[in-house]
Amino acid sequence: MQLHFIVNAFAGGGQGKEVWQRFEQQLTIPYEIHWTRYSGHTSEIAKEIAQATMDQENVCLIAVGGDGTIHELVNGAGMYEHIIIGVIAAGSGNDFARGYAVFETPGQIERFIETRDMTVHDYGVAHFNEQTKIFVNNFGIGFDALVGKLTNESQLKKLLNRIKLGKISYAFFVIYALFTFKPFQLKVLHNGHEKRFKDVWFVTVSNQKFFGGGMNLSPTSDTTDGILEVTVVSELSKWKLLFVFMTVYFARHTKLKEVYQFSSNAITLKYDAAILGHADGETQILSHGHNTIEFVVKEKAWKLAK
């Protein structure tokens, strides 16, 4: 089996390089290494390898990085049947590692090469702005997307990453964004039903439980059930929204009347404002005038090494 490592050296404020160096010193099996140089490069590398190895029965691509690196890897090669994806978590939030199996030691990787043990998972597919985006964790629009953008672009996150406290920066920008974000109107269509919401802070479509560096937003999500979960938070004050974010870590938010959740395998969101989105924490530009996103779930669509 061919084994390729795709390393984002800058993930987690430089943790990507440090984590890879620890693994590299102990690996005794053949492999190829690829270093990412810019945003989107992981997808390009993964797709190139996948297309060049179509005649192989199995090829394993292991991402060394954070949720963004994994997101790019799945979008580049996750849909190829001969590709098996593996992960060494080296980001600041690492929500993927909370919902899926990841490699924690070089020995686990070497055992995988011998056993070829794997699991099969769903992914979500979002159609918007005449493009298609795959997500393995979640896709959200509104307040959480703004917080993610502010966090990812901040010098504070880079500083906190150096002392292994990067996820604290998300909490800081939750408070900051309270004073700049304007709630929007939303229409949700699913299973032949339509529901309207006003003063929406955010809506998130989840494939697994966690987002925002460990918040248990969607406690019923299962990556193998062929279903996506939707969470809408609306009609509450700024300070109650802050309380909601505090309760999400313990999955207590589901009892609040301002939090609406449901499940479906196909969802359409229609909104009335120019707002930001995110896919697995990566900022998505939602063009004004194209205020519709359609979601479907692709069942048992990709393979995860374990």
# chains A, B, ... in the order shown; residues from 1 in each chain; ligands from 1
>>> closest_atom_pairs(of="region 54-153 of chain A", to="region 6-16 of chain A", cutoff="7 Å", atoms="only C-alpha atoms", output="tab-separated table")
residue	atom	partner	partner_atom	distance
A:Ile62	CA	A:Ile6	CA	6.1
A:Ala63	CA	A:Ile6	CA	5.0
A:Val64	CA	A:Val7	CA	4.7
A:Gly65	CA	A:Ala11	CA	5.2
A:Gly66	CA	A:Ala11	CA	5.8
A:Thr69	CA	A:Asn8	CA	7.0
A:Ala90	CA	A:Gly16	CA	5.1
A:Gly91	CA	A:Gly12	CA	4.1
A:Ser92	CA	A:Gly12	CA	4.7
>>> write_last_selection(atoms="C-alpha atoms", output="PDB file, in the first residue's frame")
ATOM      1  CA  ILE A  62      -2.498  10.992   6.054  1.00  0.00           C
ATOM      2  CA  ALA A  63      -3.081  14.646   6.912  1.00  0.00           C
ATOM      3  CA  VAL A  64      -0.829  16.198   9.538  1.00  0.00           C
ATOM      4  CA  GLY A  65      -2.626  19.368  10.575  1.00  0.00           C
ATOM      5  CA  GLY A  66      -5.827  20.826  11.910  1.00  0.00           C
ATOM      6  CA  THR A  69      -6.105  20.597   6.515  1.00  0.00           C
ATOM      7  CA  ALA A  90      -1.965  18.992  14.913  1.00  0.00           C
ATOM      8  CA  GLY A  91      -4.325  21.968  14.976  1.00  0.00           C
ATOM      9  CA  SER A  92      -5.585  24.259  17.705  1.00  0.00           C
TER      10      SER A  92
END
>>> select_by_dssp(residues="region 148-244 of chain A", states="strand (DSSP E or B)", output="ChimeraX atom specification")
/A:184-190,193-206,210-211,215-216,228-234
>>> write_last_selection(atoms="C-alpha atoms", output="PDB file, in the first residue's frame")
ATOM      1  CA  PHE A 184     -30.861  37.583  10.025  1.00  0.00           C
ATOM      2  CA  GLN A 185     -34.086  35.984   8.782  1.00  0.00           C
ATOM      3  CA  LEU A 186     -34.103  32.330   7.747  1.00  0.00           C
ATOM      4  CA  LYS A 187     -36.319  29.816   5.966  1.00  0.00           C
ATOM      5  CA  VAL A 188     -35.586  26.096   6.381  1.00  0.00           C
ATOM      6  CA  LEU A 189     -37.009  23.435   4.064  1.00  0.00           C
ATOM      7  CA  HIS A 190     -36.703  19.714   4.863  1.00  0.00           C
ATOM      8  CA  HIS A 193     -41.818  20.999   5.582  1.00  0.00           C
ATOM      9  CA  GLU A 194     -41.006  24.693   5.749  1.00  0.00           C
ATOM     10  CA  LYS A 195     -40.180  26.631   8.902  1.00  0.00           C
ATOM     11  CA  ARG A 196     -39.352  30.324   9.207  1.00  0.00           C
ATOM     12  CA  PHE A 197     -37.110  31.914  11.814  1.00  0.00           C
ATOM     13  CA  LYS A 198     -36.485  35.553  12.636  1.00  0.00           C
ATOM     14  CA  ASP A 199     -33.537  37.171  14.395  1.00  0.00           C
ATOM     15  CA  VAL A 200     -31.302  34.156  13.741  1.00  0.00           C
ATOM     16  CA  TRP A 201     -27.805  34.218  15.221  1.00  0.00           C
ATOM     17  CA  PHE A 202     -26.552  31.087  13.508  1.00  0.00           C
ATOM     18  CA  VAL A 203     -27.589  27.834  11.866  1.00  0.00           C
ATOM     19  CA  THR A 204     -25.260  24.838  11.695  1.00  0.00           C
ATOM     20  CA  VAL A 205     -25.640  21.609   9.725  1.00  0.00           C
ATOM     21  CA  SER A 206     -23.710  18.872  11.514  1.00  0.00           C
ATOM     22  CA  PHE A 210     -18.318  18.948  17.896  1.00  0.00           C
ATOM     23  CA  PHE A 211     -17.390  22.424  16.672  1.00  0.00           C
ATOM     24  CA  MET A 215     -18.349  22.511  21.897  1.00  0.00           C
ATOM     25  CA  ASN A 216     -20.814  19.610  21.833  1.00  0.00           C
ATOM     26  CA  LEU A 228     -27.453  15.443   9.090  1.00  0.00           C
ATOM     27  CA  GLU A 229     -28.506  17.400  12.173  1.00  0.00           C
ATOM     28  CA  VAL A 230     -29.497  21.073  12.003  1.00  0.00           C
ATOM     29  CA  THR A 231     -29.223  23.560  14.875  1.00  0.00           C
ATOM     30  CA  VAL A 232     -30.868  26.991  14.671  1.00  0.00           C
ATOM     31  CA  VAL A 233     -30.330  29.589  17.404  1.00  0.00           C
ATOM     32  CA  SER A 234     -32.677  32.582  17.197  1.00  0.00           C
TER      33      SER A 234
END
>>> closest_atom_pairs(of="region 215-237 of chain A", to="region 292-299 of chain A", cutoff="10 Å", atoms="only C-alpha atoms", output="tab-separated table")
residue	atom	partner	partner_atom	distance
A:Thr223	CA	A:Glu299	CA	8.9
A:Thr224	CA	A:Glu299	CA	7.2
A:Asp225	CA	A:Glu299	CA	7.6
A:Gly226	CA	A:Glu299	CA	5.1
A:Ile227	CA	A:Val297	CA	6.5
A:Leu228	CA	A:Val297	CA	6.7
>>> residues_around(residues="region 172-182 of chain A", least_positions_apart="6", cutoff="10 Å", atoms="only C-alpha atoms", output="number ranges by chain")
A: 142-144, 146-151, 154, 156-157, 199-201, 237-239, 241-242, 245, 273, 275
>>> select_by_dssp(residues="region 16-242 of chain A", states="helix (DSSP H, G or I)", output="ChimeraX atom specification")
/A:16-24,41-52,67-77,95-99,106-115,143-153,155-162,168-177,238-242
>>> atom_distance(atom1="CA of Leu73 (chain A)", atom2="CA of Ala145 (chain A)")
20.7 Å
>>> residues_around(residues="Leu61 (chain A)", least_positions_apart="6", cutoff="12 Å", atoms="only C-alpha atoms", output="compact mmCIF listing (two decimals) with N, CA and C atoms, in the first residue's frame")
# COMPACT_ATOMS: atom_id res chain seq x y z
N MET A 1 0.84 -1.20 0.00
CA MET A 1 0.00 0.00 0.00
C MET A 1 0.88 1.25 0.00
N GLN A 2 0.59 2.17 -0.91
CA GLN A 2 1.30 3.44 -0.89
C GLN A 2 0.85 4.27 0.31
N LEU A 3 1.80 4.94 0.94
CA LEU A 3 1.53 5.78 2.10
C LEU A 3 2.08 7.17 1.85
N HIS A 4 1.20 8.17 1.94
CA HIS A 4 1.59 9.56 1.71
C HIS A 4 1.20 10.41 2.92
N PHE A 5 2.13 11.22 3.39
CA PHE A 5 1.84 12.19 4.44
C PHE A 5 1.77 13.57 3.81
N ILE A 6 0.68 14.30 4.10
CA ILE A 6 0.54 15.68 3.64
C ILE A 6 0.60 16.55 4.89
N VAL A 7 1.67 17.32 5.01
CA VAL A 7 1.97 18.02 6.26
C VAL A 7 1.76 19.52 6.11
N TYR A 31 7.40 5.64 2.90
CA TYR A 31 6.34 6.63 2.72
C TYR A 31 6.87 7.78 1.86
N GLU A 32 5.93 8.60 1.41
CA GLU A 32 6.28 9.84 0.72
C GLU A 32 5.71 11.00 1.53
N ILE A 33 6.41 12.12 1.51
CA ILE A 33 5.96 13.28 2.27
C ILE A 33 5.73 14.46 1.32
N HIS A 34 4.67 15.22 1.60
CA HIS A 34 4.32 16.38 0.80
C HIS A 34 4.05 17.55 1.76
N THR A 42 -3.41 21.51 0.05
CA THR A 42 -3.67 20.13 0.45
C THR A 42 -4.64 19.46 -0.51
N SER A 43 -5.70 20.16 -0.89
CA SER A 43 -6.66 19.60 -1.85
C SER A 43 -5.99 19.29 -3.18
N ILE A 45 -2.77 18.65 -3.79
CA ILE A 45 -1.86 17.51 -3.64
C ILE A 45 -2.65 16.21 -3.58
N ALA A 46 -3.72 16.20 -2.76
CA ALA A 46 -4.51 14.98 -2.57
C ALA A 46 -5.15 14.54 -3.88
N LYS A 47 -5.71 15.47 -4.62
CA LYS A 47 -6.36 15.13 -5.89
C LYS A 47 -5.35 14.61 -6.90
N GLU A 48 -4.18 15.22 -6.94
CA GLU A 48 -3.13 14.78 -7.86
C GLU A 48 -2.69 13.35 -7.56
N ILE A 49 -2.51 13.04 -6.28
CA ILE A 49 -2.11 11.68 -5.89
C ILE A 49 -3.22 10.69 -6.23
N ALA A 50 -4.47 11.06 -5.90
CA ALA A 50 -5.60 10.17 -6.15
C ALA A 50 -5.74 9.85 -7.63
N THR A 53 -2.99 7.46 -9.00
CA THR A 53 -2.92 6.11 -8.44
C THR A 53 -4.21 5.34 -8.66
N THR A 69 -6.92 21.49 7.35
CA THR A 69 -6.10 20.60 6.52
C THR A 69 -6.89 19.34 6.17
N ILE A 70 -7.58 18.79 7.17
CA ILE A 70 -8.38 17.58 6.94
C ILE A 70 -9.52 17.88 5.97
N GLU A 72 -9.57 20.06 3.59
CA GLU A 72 -9.03 20.14 2.24
C GLU A 72 -8.69 18.75 1.69
N LEU A 73 -8.15 17.88 2.53
CA LEU A 73 -7.81 16.54 2.09
C LEU A 73 -9.05 15.78 1.62
N VAL A 74 -10.12 15.84 2.40
CA VAL A 74 -11.35 15.14 2.03
C VAL A 74 -11.94 15.72 0.75
N GLY A 76 -10.29 17.07 -1.62
CA GLY A 76 -9.44 16.74 -2.75
C GLY A 76 -9.48 15.28 -3.16
N ALA A 77 -9.66 14.36 -2.19
CA ALA A 77 -9.52 12.94 -2.52
C ALA A 77 -10.52 12.02 -1.85
N GLY A 78 -11.37 12.54 -0.99
CA GLY A 78 -12.28 11.69 -0.23
C GLY A 78 -13.26 10.91 -1.07
N TYR A 80 -12.70 9.38 -3.93
CA TYR A 80 -12.06 8.30 -4.70
C TYR A 80 -12.12 7.00 -3.90
N HIS A 82 -10.45 4.24 -3.99
CA HIS A 82 -9.21 3.57 -3.60
C HIS A 82 -8.43 4.33 -2.54
N ILE A 83 -8.92 5.51 -2.16
CA ILE A 83 -8.21 6.34 -1.18
C ILE A 83 -8.72 6.07 0.23
N ILE A 84 -7.77 5.84 1.14
CA ILE A 84 -8.06 5.74 2.57
C ILE A 84 -7.43 6.95 3.24
N ILE A 85 -8.20 7.65 4.03
CA ILE A 85 -7.72 8.86 4.68
C ILE A 85 -7.32 8.57 6.12
N GLY A 86 -6.19 9.13 6.52
CA GLY A 86 -5.75 9.04 7.90
C GLY A 86 -5.46 10.43 8.43
N VAL A 87 -5.41 10.58 9.74
CA VAL A 87 -5.22 11.90 10.34
C VAL A 87 -4.28 11.83 11.53
N ILE A 88 -3.35 12.76 11.56
CA ILE A 88 -2.56 13.06 12.76
C ILE A 88 -2.95 14.47 13.15
N ILE A 109 0.19 3.70 13.08
CA ILE A 109 0.24 3.78 11.61
C ILE A 109 0.84 2.51 11.04
N ILE A 113 -0.92 -0.32 8.43
CA ILE A 113 -0.38 -0.80 7.16
C ILE A 113 -0.43 -2.33 7.11
N LYS A 303 -13.34 6.49 3.43
CA LYS A 303 -12.72 5.52 4.33
C LYS A 303 -11.71 6.21 5.24
N LEU A 304 -11.76 5.83 6.53
CA LEU A 304 -10.86 6.40 7.52
C LEU A 304 -9.99 5.31 8.12
N ALA A 305 -8.69 5.49 8.03
CA ALA A 305 -7.75 4.54 8.62
C ALA A 305 -7.77 4.63 10.12
>>> atom_distance(atom1="CA of Gln208 (chain A)", atom2="CA of Glu258 (chain A)")
21.4 Å
